[in-house]
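Visitor: Below is structure18.cif; it holds mmCIF, C-alpha atoms.
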```cif
data_protein
#
loop_
_atom_site.label_atom_id
_atom_site.label_comp_id
_atom_site.auth_asym_id
_atom_site.auth_seq_id
_atom_site.Cartn_x
_atom_site.Cartn_y
_atom_site.Cartn_z
CA MET A 11 -139.04 -193.53 -36.15
CA SER A 12 -136.81 -190.53 -35.91
CA GLN A 13 -139.08 -187.99 -34.28
CA LEU A 14 -141.46 -188.36 -31.43
CA ASP A 15 -145.09 -187.94 -32.25
CA THR A 16 -148.23 -187.62 -30.21
CA SER A 17 -149.11 -191.29 -30.54
CA PHE A 18 -145.95 -191.93 -28.57
CA PHE A 19 -146.69 -189.42 -25.79
CA LYS A 20 -150.28 -190.33 -25.26
CA PRO A 21 -149.82 -193.76 -23.64
CA PHE A 22 -147.38 -192.24 -21.17
CA ILE A 23 -149.65 -189.34 -20.27
CA GLU A 24 -152.63 -191.67 -19.87
CA GLY A 25 -150.51 -194.17 -17.97
CA ALA A 26 -149.22 -191.54 -15.56
CA VAL A 27 -152.62 -189.99 -14.90
CA ASN A 28 -154.23 -193.40 -14.33
CA THR A 29 -151.42 -194.75 -12.19
CA ILE A 30 -151.27 -191.72 -9.94
CA LYS A 31 -155.03 -191.72 -9.63
CA VAL A 32 -155.25 -195.39 -8.73
CA GLN A 33 -152.11 -195.76 -6.62
CA CYS A 34 -152.08 -192.43 -4.83
CA SER A 35 -155.77 -191.44 -5.09
CA LEU A 36 -154.55 -188.20 -6.55
CA PRO A 37 -156.22 -186.66 -9.57
CA ALA A 38 -153.58 -185.21 -11.90
CA THR A 39 -153.91 -183.55 -15.26
CA GLY A 40 -151.45 -183.57 -18.12
CA GLU A 41 -150.43 -180.17 -19.42
CA SER A 42 -149.07 -179.38 -22.84
CA PRO A 43 -145.65 -180.89 -23.54
CA TYR A 44 -142.68 -178.65 -24.23
CA ILE A 45 -139.09 -179.06 -25.33
CA LYS A 46 -136.69 -179.39 -22.45
CA GLY A 47 -134.70 -176.27 -21.80
CA THR A 48 -137.35 -173.86 -23.01
CA LYS A 49 -138.83 -173.55 -19.52
CA PRO A 50 -137.03 -173.48 -16.18
CA ASP A 51 -136.34 -176.86 -14.58
CA MET A 52 -138.29 -178.01 -11.56
CA ASP A 53 -136.33 -178.64 -8.38
CA ILE A 54 -136.20 -182.42 -8.68
CA ALA A 55 -135.31 -184.46 -5.60
CA ILE A 56 -136.05 -187.92 -6.87
CA ALA A 57 -136.25 -189.39 -10.34
CA GLY A 58 -136.65 -192.75 -11.96
CA VAL A 59 -134.98 -193.40 -15.31
CA ILE A 60 -135.99 -196.25 -17.54
CA GLY A 61 -134.30 -197.05 -20.83
CA ILE A 62 -136.18 -198.25 -23.86
CA THR A 63 -134.48 -200.53 -26.30
CA SER A 64 -136.22 -201.92 -29.29
CA PRO A 65 -134.92 -202.96 -32.68
CA LYS A 66 -136.19 -199.70 -34.20
CA PHE A 67 -135.37 -197.04 -31.65
CA ASN A 68 -133.74 -196.32 -28.32
CA GLY A 69 -135.01 -193.94 -25.78
CA SER A 70 -135.25 -193.01 -22.20
CA ILE A 71 -138.14 -192.09 -19.96
CA THR A 72 -137.58 -190.16 -16.75
CA LEU A 73 -140.21 -189.63 -14.08
CA CYS A 74 -139.25 -186.65 -11.92
CA PHE A 75 -140.70 -185.46 -8.63
CA PRO A 76 -139.92 -182.53 -6.37
CA GLU A 77 -139.46 -183.75 -2.80
CA LYS A 78 -142.72 -182.33 -1.46
CA VAL A 79 -144.82 -183.88 -4.22
CA PHE A 80 -143.18 -187.27 -3.87
CA LEU A 81 -143.58 -187.37 -0.09
CA GLY A 82 -147.21 -186.33 -0.43
CA MET A 83 -147.85 -189.08 -2.96
CA MET A 84 -146.16 -191.72 -0.87
CA GLU A 85 -148.24 -190.60 2.09
CA ARG A 86 -151.40 -191.13 0.07
CA MET A 87 -150.14 -194.41 -1.34
CA LEU A 88 -148.93 -195.96 1.90
CA GLY A 89 -151.17 -194.19 4.35
CA GLU A 90 -148.58 -192.73 6.68
CA PRO A 91 -146.80 -189.38 6.69
CA PHE A 92 -143.12 -189.18 5.73
CA LYS A 93 -140.69 -186.39 6.51
CA GLU A 94 -137.85 -187.32 4.19
CA ILE A 95 -137.05 -189.66 1.34
CA THR A 96 -135.48 -192.79 2.81
CA ASN A 97 -133.93 -195.81 1.14
CA ASP A 98 -137.16 -197.72 1.59
CA LEU A 99 -139.28 -194.95 0.21
CA GLN A 100 -137.19 -194.38 -2.91
CA ASP A 101 -138.41 -197.62 -4.44
CA GLY A 102 -141.79 -195.93 -4.73
CA VAL A 103 -140.62 -193.94 -7.75
CA ALA A 104 -139.39 -197.09 -9.48
CA GLU A 105 -142.67 -198.76 -8.77
CA LEU A 106 -144.73 -195.89 -10.19
CA LEU A 107 -142.51 -195.64 -13.25
CA ASN A 108 -142.76 -199.37 -13.80
CA ILE A 109 -146.54 -199.25 -13.77
CA ILE A 110 -146.60 -196.28 -16.15
CA PHE A 111 -144.05 -197.90 -18.43
CA GLY A 112 -145.92 -201.20 -18.37
CA HIS A 113 -149.13 -199.45 -19.37
CA ALA A 114 -147.47 -197.56 -22.22
CA LYS A 115 -145.52 -200.62 -23.38
CA VAL A 116 -148.65 -202.66 -23.93
CA ILE A 117 -150.24 -199.90 -26.02
CA LEU A 118 -147.08 -199.15 -28.02
CA ASN A 119 -146.36 -202.82 -28.68
CA ALA A 120 -149.90 -203.21 -29.96
CA GLN A 121 -149.02 -200.42 -32.45
CA GLY A 122 -146.16 -202.51 -33.77
CA HIS A 123 -143.20 -201.47 -31.61
CA THR A 124 -141.24 -204.18 -29.88
CA ILE A 125 -140.28 -202.62 -26.59
CA GLN A 126 -138.42 -204.85 -24.17
CA LYS A 127 -138.90 -204.88 -20.45
CA ALA A 128 -136.43 -202.73 -18.55
CA ILE A 129 -135.40 -201.87 -15.03
CA PRO A 130 -135.80 -198.37 -13.65
CA THR A 131 -132.82 -196.66 -12.05
CA ILE A 132 -133.61 -194.50 -9.06
CA ILE A 133 -131.77 -191.24 -8.62
CA ARG A 134 -131.99 -189.36 -5.39
CA GLY A 135 -130.38 -186.08 -4.52
CA GLU A 136 -130.95 -182.37 -4.76
CA LYS A 137 -131.43 -180.30 -7.90
CA ILE A 138 -131.30 -183.34 -10.14
CA HIS A 139 -130.82 -182.55 -13.78
CA THR A 140 -130.88 -185.19 -16.48
CA THR A 141 -129.61 -184.90 -20.02
CA GLN A 142 -129.99 -187.49 -22.72
CA MET A 143 -127.11 -188.02 -25.07
CA SER A 144 -129.01 -187.74 -28.27
CA LYS A 145 -129.25 -185.62 -31.37
CA ASN A 146 -132.97 -185.30 -30.75
CA LYS A 147 -134.61 -182.94 -28.33
CA THR A 148 -135.99 -184.13 -25.02
CA PHE A 149 -139.67 -183.52 -24.46
CA VAL A 150 -141.11 -182.71 -21.07
CA LEU A 151 -144.64 -183.81 -20.26
CA PRO A 152 -145.68 -181.76 -17.23
CA PHE A 153 -148.45 -182.82 -14.86
CA LYS A 154 -150.37 -180.79 -12.36
CA SER A 155 -151.94 -182.08 -9.19
CA GLU A 156 -153.17 -180.62 -5.93
CA LEU A 157 -149.84 -181.61 -4.30
CA GLY A 158 -147.83 -179.78 -6.94
CA SER A 159 -146.30 -180.36 -10.36
CA PHE A 160 -144.19 -183.25 -11.55
CA CYS A 161 -143.06 -184.34 -14.99
CA ILE A 162 -142.05 -187.08 -17.33
CA GLU A 163 -139.19 -186.53 -19.76
CA ILE A 164 -139.04 -188.50 -22.96
CA CYS A 165 -136.21 -188.73 -25.42
CA SER A 166 -135.77 -191.19 -28.22
CA GLU A 167 -133.75 -191.73 -31.32
CA SER A 168 -133.78 -194.18 -34.16
CA SER A 169 -131.40 -197.09 -33.81
CA MET A 170 -131.54 -198.07 -37.45
CA MET B 4 -116.81 -221.63 -20.07
CA ALA B 5 -117.61 -220.03 -23.38
CA LYS B 6 -115.57 -221.15 -26.36
CA GLN B 7 -115.92 -219.68 -29.79
CA LEU B 8 -116.19 -222.43 -32.37
CA LEU B 9 -116.69 -220.39 -35.49
CA LYS B 10 -116.75 -216.77 -36.53
CA LEU B 11 -118.23 -215.70 -39.83
CA PRO B 12 -119.05 -212.15 -40.95
CA LYS B 13 -122.76 -212.70 -40.35
CA ALA B 14 -122.76 -215.47 -37.75
CA ASP B 15 -121.01 -216.68 -34.63
CA VAL B 16 -121.05 -220.09 -33.05
CA THR B 17 -120.16 -220.20 -29.38
CA SER B 18 -120.10 -223.29 -27.24
CA PHE B 19 -121.09 -223.17 -23.59
CA ASP B 20 -120.79 -226.26 -21.41
CA GLU B 21 -124.33 -227.46 -21.82
CA TYR B 22 -125.44 -225.76 -25.02
CA VAL B 23 -124.30 -223.98 -28.16
CA VAL B 24 -125.41 -220.50 -29.17
CA ILE B 25 -125.56 -219.74 -32.88
CA GLN B 26 -125.84 -216.06 -33.42
CA ILE B 27 -127.29 -214.99 -36.76
CA ASN B 28 -126.66 -211.40 -37.81
CA GLY B 29 -127.84 -211.45 -41.40
CA ALA B 30 -128.36 -213.56 -44.50
CA LEU B 31 -125.90 -216.41 -44.90
CA LEU B 32 -124.48 -218.03 -48.02
CA ALA B 33 -125.03 -221.72 -48.66
CA ASN B 34 -121.40 -222.63 -48.03
CA GLN B 35 -121.44 -220.73 -44.73
CA VAL B 36 -124.49 -222.71 -43.64
CA THR B 37 -122.65 -225.93 -44.49
CA GLU B 38 -119.67 -224.70 -42.52
CA ILE B 39 -121.84 -224.08 -39.46
CA GLU B 40 -123.52 -227.46 -39.82
CA THR B 41 -120.18 -229.24 -40.12
CA ILE B 42 -118.73 -227.64 -37.03
CA LEU B 43 -121.90 -228.24 -35.02
CA THR B 44 -122.17 -231.91 -35.91
CA LYS B 45 -118.47 -232.36 -35.20
CA ASP B 46 -118.15 -230.46 -31.92
CA ALA B 47 -121.62 -230.43 -30.44
CA PRO B 48 -123.77 -233.19 -31.87
CA THR B 49 -125.79 -233.95 -28.75
CA ILE B 50 -126.18 -230.77 -26.73
CA PRO B 51 -128.99 -228.31 -27.55
CA TRP B 52 -128.44 -225.64 -30.20
CA ILE B 53 -129.82 -222.24 -29.38
CA ILE B 54 -130.21 -220.01 -32.42
CA ASN B 55 -130.18 -216.35 -31.57
CA CYS B 56 -131.91 -214.30 -34.26
CA PHE B 57 -133.26 -211.73 -31.85
CA LYS B 58 -132.22 -208.86 -34.09
CA SER B 59 -134.22 -209.93 -37.13
CA ASP B 60 -137.76 -208.80 -37.62
CA GLN B 61 -138.69 -210.66 -40.75
CA VAL B 62 -139.09 -214.38 -41.29
CA MET B 63 -137.15 -215.28 -44.45
CA PRO B 64 -137.85 -218.58 -46.22
CA GLN B 65 -134.14 -219.13 -46.84
CA GLU B 66 -133.42 -218.71 -43.15
CA THR B 67 -136.19 -220.98 -41.94
CA ARG B 68 -134.99 -223.67 -44.37
CA MET B 69 -131.60 -223.41 -42.72
CA PHE B 70 -133.16 -223.75 -39.25
CA LEU B 71 -135.18 -226.77 -40.37
CA GLY B 72 -131.95 -228.22 -41.74
CA PHE B 73 -130.38 -227.75 -38.29
CA LYS B 74 -133.36 -229.45 -36.74
CA LYS B 75 -132.83 -232.55 -38.88
CA LEU B 76 -129.29 -232.81 -37.55
CA ASN B 77 -130.26 -232.13 -33.95
CA PRO B 78 -133.87 -232.18 -32.77
CA LYS B 79 -132.99 -230.14 -29.69
CA ILE B 80 -133.05 -226.60 -31.08
CA CYS B 81 -134.73 -223.43 -30.00
CA LEU B 82 -134.76 -219.96 -31.52
CA ILE B 83 -134.49 -216.75 -29.55
CA VAL B 84 -136.72 -214.26 -31.33
CA ASN B 85 -138.42 -210.96 -30.71
CA SER B 86 -142.18 -210.58 -30.73
CA THR B 87 -142.39 -209.40 -34.38
CA TYR B 88 -140.45 -212.43 -35.59
CA ARG B 89 -142.56 -214.71 -33.45
CA VAL B 90 -145.73 -213.41 -35.12
CA GLY B 91 -144.05 -214.07 -38.49
CA LEU B 92 -143.30 -217.65 -37.47
CA VAL B 93 -146.90 -218.23 -36.46
CA GLU B 94 -148.13 -216.74 -39.74
CA ALA B 95 -145.77 -218.95 -41.72
CA GLY B 96 -147.13 -221.98 -39.83
CA LEU B 97 -143.69 -222.78 -38.44
CA SER B 98 -144.24 -222.08 -34.77
CA THR B 99 -144.50 -225.78 -33.86
CA ALA B 100 -141.76 -226.98 -36.21
CA LEU B 101 -139.35 -224.34 -34.91
CA PRO B 102 -139.70 -223.80 -31.18
CA SER B 103 -138.96 -220.23 -30.20
CA ALA B 104 -138.59 -218.23 -27.02
CA PRO B 105 -138.12 -214.54 -26.21
CA SER B 106 -135.08 -215.02 -23.98
CA LEU B 107 -132.18 -217.38 -23.41
CA LYS B 108 -133.65 -218.42 -20.09
CA GLN B 109 -136.88 -219.54 -21.69
CA ALA B 110 -135.09 -221.07 -24.68
CA LEU B 111 -133.02 -223.22 -22.32
CA THR B 112 -136.13 -224.28 -20.43
CA THR B 113 -137.67 -225.28 -23.79
CA VAL B 114 -134.77 -227.61 -24.53
CA GLY B 115 -134.72 -228.89 -20.96
CA ILE B 116 -131.78 -227.13 -19.32
CA LYS B 117 -132.11 -225.35 -16.04
CA TYR B 118 -130.84 -221.83 -16.55
CA LYS B 119 -128.28 -220.52 -14.11
CA PRO B 120 -127.69 -216.80 -14.45
CA LYS B 121 -124.10 -216.36 -15.48
CA ILE B 122 -123.05 -212.94 -14.46
CA ASP B 123 -119.48 -213.68 -13.86
CA THR B 124 -116.10 -212.44 -14.88
CA GLU B 125 -117.00 -213.19 -18.46
CA PHE B 126 -119.51 -210.39 -18.40
CA ILE B 127 -117.85 -207.97 -15.99
CA ASN B 128 -114.34 -208.13 -17.39
CA PRO B 129 -115.09 -206.57 -20.79
CA PHE B 130 -116.68 -203.62 -18.97
CA LEU B 131 -113.70 -203.30 -16.70
CA ASP B 132 -111.16 -203.52 -19.49
CA ALA B 133 -113.10 -201.04 -21.56
CA ALA B 134 -113.41 -198.60 -18.65
CA ILE B 135 -109.72 -198.76 -17.90
CA ARG B 136 -108.87 -198.28 -21.54
CA VAL B 137 -111.29 -195.40 -22.07
CA VAL B 138 -110.25 -193.58 -18.90
CA SER B 139 -106.55 -193.97 -19.47
CA MET B 140 -106.83 -193.08 -23.15
CA GLN B 141 -109.12 -190.08 -22.80
CA ALA B 142 -107.58 -188.54 -19.73
CA GLY B 143 -104.05 -189.78 -20.30
CA VAL B 144 -103.74 -191.10 -16.77
CA SER B 145 -103.00 -194.56 -15.48
CA ALA B 146 -106.05 -196.43 -14.29
CA GLU B 147 -106.49 -199.73 -12.56
CA ALA B 148 -109.39 -201.75 -11.24
CA GLY B 149 -109.98 -201.91 -7.51
CA LYS B 150 -111.68 -204.70 -5.63
CA VAL B 151 -115.12 -205.64 -6.87
CA PHE B 152 -117.86 -205.42 -4.27
CA LEU B 153 -121.59 -205.83 -3.96
CA VAL B 154 -123.41 -202.55 -3.53
CA LYS B 155 -125.24 -202.56 -0.20
CA GLU B 156 -125.36 -198.84 0.53
CA PRO B 157 -125.85 -196.18 -2.14
CA ILE B 158 -122.58 -194.80 -3.46
CA PRO B 159 -122.62 -191.00 -3.26
CA SER B 160 -121.86 -189.24 -6.51
CA ASP B 161 -122.50 -185.90 -8.17
CA ILE B 162 -122.77 -186.85 -11.79
CA SER B 163 -123.26 -190.14 -13.54
CA GLY B 164 -123.79 -191.59 -16.97
CA ILE B 165 -126.45 -194.27 -17.10
CA ILE B 166 -127.07 -196.81 -19.83
CA PRO B 167 -129.89 -199.33 -19.78
CA ILE B 168 -128.95 -202.86 -20.80
CA SER B 169 -131.57 -205.05 -22.25
CA SER B 170 -130.96 -208.27 -24.02
CA PRO B 171 -132.76 -211.58 -24.16
CA ILE B 172 -130.26 -212.90 -21.65
CA PHE B 173 -130.61 -210.31 -19.02
CA THR B 174 -131.90 -206.88 -18.17
CA GLY B 175 -129.95 -204.38 -16.16
CA ILE B 176 -128.35 -201.00 -15.87
CA PHE B 177 -124.77 -199.94 -16.38
CA SER B 178 -123.65 -196.70 -14.82
CA LEU B 179 -120.46 -194.75 -14.47
CA GLU B 180 -120.51 -192.60 -11.35
CA PHE B 181 -118.23 -189.66 -10.66
CA THR B 182 -117.87 -187.33 -7.75
CA LYS B 183 -117.72 -183.66 -8.72
CA GLU B 184 -114.06 -183.37 -7.88
CA VAL B 185 -112.96 -186.33 -9.99
CA PHE B 186 -115.26 -185.37 -12.82
CA LEU B 187 -113.95 -181.81 -13.03
CA LYS B 188 -110.33 -182.96 -12.86
CA MET B 189 -110.97 -185.47 -15.59
CA VAL B 190 -112.79 -183.03 -17.87
CA SER B 191 -110.11 -180.41 -17.33
CA LYS B 192 -107.45 -182.95 -18.27
CA VAL B 193 -109.32 -184.12 -21.38
CA PHE B 194 -110.15 -180.67 -22.71
CA GLY B 195 -106.96 -179.03 -21.50
CA GLU B 196 -108.87 -176.21 -19.88
CA GLU B 197 -109.68 -175.75 -16.23
CA TYR B 198 -113.30 -176.23 -15.20
CA LEU B 199 -114.40 -175.37 -11.68
CA GLU B 200 -118.10 -176.08 -11.92
CA ILE B 201 -120.16 -178.72 -13.69
CA SER B 202 -121.84 -176.78 -16.45
CA PRO B 203 -124.31 -177.90 -19.12
CA GLU B 204 -121.47 -177.84 -21.67
CA ILE B 205 -119.40 -180.46 -19.93
CA GLU B 206 -122.01 -182.57 -18.19
CA GLY B 207 -122.54 -184.64 -21.33
CA PHE B 208 -119.04 -185.96 -20.88
CA SER B 209 -120.16 -188.54 -18.32
CA ALA B 210 -122.72 -190.01 -20.71
CA GLU B 211 -120.11 -189.87 -23.46
CA MET B 212 -117.65 -191.83 -21.31
CA ALA B 213 -120.31 -194.33 -20.33
CA ASN B 214 -121.20 -194.71 -23.99
CA MET B 215 -117.61 -195.35 -24.99
CA VAL B 216 -117.19 -197.96 -22.28
CA TYR B 217 -120.50 -199.60 -23.10
CA GLY B 218 -119.85 -199.56 -26.84
CA SER B 219 -116.47 -201.13 -26.49
CA ALA B 220 -117.63 -203.72 -23.95
CA LYS B 221 -120.72 -204.50 -26.03
CA GLY B 222 -118.61 -205.77 -28.91
CA LYS B 223 -116.61 -208.06 -26.61
CA VAL B 224 -119.63 -209.32 -24.70
CA ASN B 225 -121.65 -209.97 -27.84
CA GLU B 226 -118.89 -212.18 -29.17
CA LYS B 227 -119.70 -214.46 -26.27
CA GLY B 228 -123.28 -214.94 -27.34
CA TYR B 229 -125.03 -212.10 -25.54
CA THR B 230 -127.06 -209.69 -27.65
CA LEU B 231 -126.62 -206.30 -26.10
CA MET B 232 -128.19 -203.60 -28.19
CA PRO B 233 -127.30 -199.95 -28.63
CA ALA B 234 -128.91 -197.83 -25.95
CA LEU B 235 -129.40 -194.18 -25.18
CA PRO B 236 -127.14 -192.91 -22.39
CA THR B 237 -128.48 -190.43 -19.87
CA THR B 238 -126.48 -188.00 -17.78
CA VAL B 239 -127.76 -187.34 -14.31
CA ARG B 240 -126.39 -184.45 -12.35
CA GLY B 241 -127.38 -183.11 -8.97
CA VAL B 242 -126.28 -182.50 -5.42
CA HIS B 243 -125.64 -185.48 -3.11
CA LEU B 244 -126.88 -187.93 -5.68
CA SER B 245 -127.35 -191.52 -4.83
CA SER B 246 -128.65 -193.97 -7.30
CA GLY B 247 -130.33 -197.26 -6.76
CA ALA B 248 -132.68 -199.71 -8.35
CA SER B 249 -135.00 -202.32 -7.02
CA VAL B 250 -132.94 -205.19 -8.33
CA PRO B 251 -131.44 -208.09 -6.42
CA VAL B 252 -127.82 -207.69 -7.51
CA ALA B 253 -125.63 -204.66 -7.93
CA ILE B 254 -121.92 -204.96 -8.47
CA CYS B 255 -119.51 -202.09 -8.19
CA VAL B 256 -116.01 -201.94 -9.54
CA PRO B 257 -113.96 -198.93 -8.51
CA ILE B 258 -111.57 -197.67 -11.17
CA ILE B 259 -108.65 -196.10 -9.39
CA THR B 260 -106.90 -193.36 -11.30
CA ASP B 261 -104.44 -190.63 -10.42
CA LEU B 262 -107.34 -188.20 -10.52
CA GLY B 263 -109.50 -190.14 -8.08
CA ILE B 264 -111.92 -193.03 -8.05
CA ILE B 265 -114.65 -193.62 -10.60
CA HIS B 266 -117.28 -196.22 -9.77
CA ILE B 267 -118.69 -198.54 -12.36
CA VAL B 268 -121.96 -200.04 -11.22
CA ILE B 269 -123.71 -202.88 -12.97
CA ARG B 270 -127.17 -203.67 -11.70
CA MET B 271 -129.04 -206.68 -12.89
CA ASP B 272 -132.25 -208.50 -12.69
CA SER B 273 -131.81 -212.16 -11.91
#
```
I need this file expressed as structure tokens, please.
Guide:
Amino acid sequence: MSQLDTSFFKPFIEGAVNTIKVQCSLPATGESPYIKGTKPDMDIAIAGVIGITSPKFNGSITLCFPEKVFLGMMERMLGEPFKEITNDLQDGVAELLNIIFGHAKVILNAQGHTIQKAIPTIIRGEKIHTTQMSKNKTFVLPFKSELGSFCIEICSESSM
Amino acid sequence: MAKQLLKLPKADVTSFDEYVVIQINGALLANQVTEIETILTKDAPTIPWIINCFKSDQVMPQETRMFLGFKKLNPKICLIVNSTYRVGLVEAGLSTALPSAPSLKQALTTVGIKYKPKIDTEFINPFLDAAIRVVSMQAGVSAEAGKVFLVKEPIPSDISGIIPISSPIFTGIFSLEFTKEVFLKMVSKVFGEEYLEISPEIEGFSAEMANMVYGSAKGKVNEKGYTLMPALPTTVRGVHLSSGASVPVAICVPIITDLGIIHIVIRMDS
């Protein structure tokens, strides 16, 4: 697999919408994906990065949230209001990403990929910008919810 | 301690105290198989043999004959395979004759050894050596390793290169973390041009460095029976970054250079 196709995006979009709906009781809708760099970046305050390694391809999935959206989601998930992202709270992004990744992994592995389990890295800061070191373009899957927008970035390349 | 017993172009045999790992990287010739069998029966006749063919996807009759041959010599064998290979084994009707497991931990349990995670100097040192070599070579500065410590508090950084590690033996994350000041000094030194801000042109350098370190360490580590695979590095840039992961162990090794300190962080799942 050298290029990403829709069958690869779909499990992630579905996974994200379901996860956010179940965990945070927040309806979100996926918007049309675009190539990273063609639209202005969101102001990301927290992100989770998970690497995909499989015998056929390598890739990376990043789940990015602006601060306001993340705090709002955590409030809905945990039932108490938060003013800032603390060390305890940051694990929330890893947890969400893990659930989304787990969902997508099952579907993709059923299609014949052999994706291994992986650990998400949590990045916290201001104006986070991620770049994947790859010849291929990174795709951004934006989501819209009543708390605001967030996105998933996907990049992959063949390892053959 | 790991001891390499045999190195062939397509296979490695490494002895650990309680077991032997036979790494298969491709099709073997008949005389090479005999060579492996001879060394195994001579040096490790009683301890379990773990055959790592995690990279192969297809069950080959020639290969399975070899494994069955091993099994005659030592009944305590277990294969480490990926899910595609495992399906192949089941289809070939060999899943009971050749026990298989998806990871070293489970393979060892299959042959009756209690697995103790071995993240020790053997694993860390290749990363350290590679980092020192890459930094000193690329930037032309002297670099040395500082004291290793466990990460309890997030280490502040401005830009980092992150590489996921996944292998049947363990899953984790390797990252190279720079502060803005050190990063800019290093990039300026490497490219011979002064940079005052982290721009999109130069930010890829951190992933590039992480990739060089990982690539070089991967070769060394894999010789010892691990199967680290190529992975896609990611650069993360921001203001007051701190990275973390919900994993039990994170080890940091500072690399002290004339330009400042670079932190290497290895996070792992137990």
Visitor: Quick check on the file I pasted: which residues fall under the PyMOL selection byres ((chain A) within 8 of (chain B))? Write them as a PDB file with C-alpha atoms, in the frame of the given file.
Guide:
```
ATOM      1  CA  ILE A  60    -135.990-196.250 -17.540  1.00  0.00           C
ATOM      2  CA  GLY A  61    -134.300-197.050 -20.830  1.00  0.00           C
ATOM      3  CA  ILE A  62    -136.180-198.250 -23.860  1.00  0.00           C
ATOM      4  CA  THR A  63    -134.480-200.530 -26.300  1.00  0.00           C
ATOM      5  CA  PRO A  65    -134.920-202.960 -32.680  1.00  0.00           C
ATOM      6  CA  ASN A  68    -133.740-196.320 -28.320  1.00  0.00           C
ATOM      7  CA  GLY A  69    -135.010-193.940 -25.780  1.00  0.00           C
ATOM      8  CA  SER A  70    -135.250-193.010 -22.200  1.00  0.00           C
ATOM      9  CA  ASP A 101    -138.410-197.620  -4.440  1.00  0.00           C
ATOM     10  CA  ALA A 104    -139.390-197.090  -9.480  1.00  0.00           C
ATOM     11  CA  GLY A 122    -146.160-202.510 -33.770  1.00  0.00           C
ATOM     12  CA  THR A 124    -141.240-204.180 -29.880  1.00  0.00           C
ATOM     13  CA  GLN A 126    -138.420-204.850 -24.170  1.00  0.00           C
ATOM     14  CA  LYS A 127    -138.900-204.880 -20.450  1.00  0.00           C
ATOM     15  CA  ALA A 128    -136.430-202.730 -18.550  1.00  0.00           C
ATOM     16  CA  ILE A 129    -135.400-201.870 -15.030  1.00  0.00           C
ATOM     17  CA  PRO A 130    -135.800-198.370 -13.650  1.00  0.00           C
ATOM     18  CA  THR A 131    -132.820-196.660 -12.050  1.00  0.00           C
ATOM     19  CA  ILE A 132    -133.610-194.500  -9.060  1.00  0.00           C
ATOM     20  CA  ILE A 133    -131.770-191.240  -8.620  1.00  0.00           C
ATOM     21  CA  ARG A 134    -131.990-189.360  -5.390  1.00  0.00           C
ATOM     22  CA  GLY A 135    -130.380-186.080  -4.520  1.00  0.00           C
ATOM     23  CA  GLU A 136    -130.950-182.370  -4.760  1.00  0.00           C
ATOM     24  CA  LYS A 137    -131.430-180.300  -7.900  1.00  0.00           C
ATOM     25  CA  ILE A 138    -131.300-183.340 -10.140  1.00  0.00           C
ATOM     26  CA  HIS A 139    -130.820-182.550 -13.780  1.00  0.00           C
ATOM     27  CA  THR A 140    -130.880-185.190 -16.480  1.00  0.00           C
ATOM     28  CA  THR A 141    -129.610-184.900 -20.020  1.00  0.00           C
ATOM     29  CA  GLN A 142    -129.990-187.490 -22.720  1.00  0.00           C
ATOM     30  CA  MET A 143    -127.110-188.020 -25.070  1.00  0.00           C
ATOM     31  CA  SER A 144    -129.010-187.740 -28.270  1.00  0.00           C
ATOM     32  CA  SER A 166    -135.770-191.190 -28.220  1.00  0.00           C
ATOM     33  CA  GLU A 167    -133.750-191.730 -31.320  1.00  0.00           C
ATOM     34  CA  SER A 169    -131.400-197.090 -33.810  1.00  0.00           C
TER      35      SER A 169
END
```
Visitor: When you draw a straight line from atom CA of B:Gln35 to atom CA of B:Lys13, how long is it in Å?
Guide: 9.2 Å
Visitor: Could you please determine the separation between atom CA of B:Gly29 and atom CA of B:Pro12 in Å, to one decimal place?
Guide: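 Going from atom CA of B:Gly29 over to atom CA of B:Pro12, I get 8.8 Å.
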Visitor: Translate the PyMOL selection byres ((chain B and resi 126-140) around 8) into a concrete residue list for this structure, as a CSV table (one decimal) with C-alpha atoms, in the frame of the given file.
Guide:
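File written: part.csv
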```
chain,number,residue,atom,x,y,z
B,122,ILE,CA,-123.0,-212.9,-14.5
B,123,ASP,CA,-119.5,-213.7,-13.9
B,124,THR,CA,-116.1,-212.4,-14.9
B,125,GLU,CA,-117.0,-213.2,-18.5
B,141,GLN,CA,-109.1,-190.1,-22.8
B,142,ALA,CA,-107.6,-188.5,-19.7
B,143,GLY,CA,-104.0,-189.8,-20.3
B,144,VAL,CA,-103.7,-191.1,-16.8
B,145,SER,CA,-103.0,-194.6,-15.5
B,146,ALA,CA,-106.0,-196.4,-14.3
B,147,GLU,CA,-106.5,-199.7,-12.6
B,148,ALA,CA,-109.4,-201.8,-11.2
B,212,MET,CA,-117.6,-191.8,-21.3
B,215,MET,CA,-117.6,-195.4,-25.0
B,216,VAL,CA,-117.2,-198.0,-22.3
B,217,TYR,CA,-120.5,-199.6,-23.1
B,219,SER,CA,-116.5,-201.1,-26.5
B,220,ALA,CA,-117.6,-203.7,-24.0
B,221,LYS,CA,-120.7,-204.5,-26.0
B,223,LYS,CA,-116.6,-208.1,-26.6
B,224,VAL,CA,-119.6,-209.3,-24.7
B,256,VAL,CA,-116.0,-201.9,-9.5
B,258,ILE,CA,-111.6,-197.7,-11.2
```
Visitor: Once the PyMOL selection byres ((chain A and resi 73) around 7) has been applied to the shown file, what residues remain in the selection, as a list in words?
Guide: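 Applying the expression gives Ala57, Gly58, Val59, Ile71, Thr72, Cys74, Phe75, Leu107, Cys161, Ile162 and Glu163 of chain A.
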Visitor: Report the distance between atom CA of A:Val116 and atom CA of B:Lys108 in Å, rounded to one decimal place.
Guide: 22.1 Å
Visitor: Can you write stretch 84-88 of chain B from the block above with C-alpha atoms, as a tab-separated table (two decimals), in the first residue's frame?
Guide:
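This went into decode_11.tsv:
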```tsv
chain	number	residue	atom	x	y	z
B	84	VAL	CA	4.87	-15.28	14.18
B	85	ASN	CA	2.57	-12.52	13.05
B	86	SER	CA	-1.15	-13.04	12.59
B	87	THR	CA	-0.94	-13.69	8.81
B	88	TYR	CA	1.64	-16.43	9.32
```
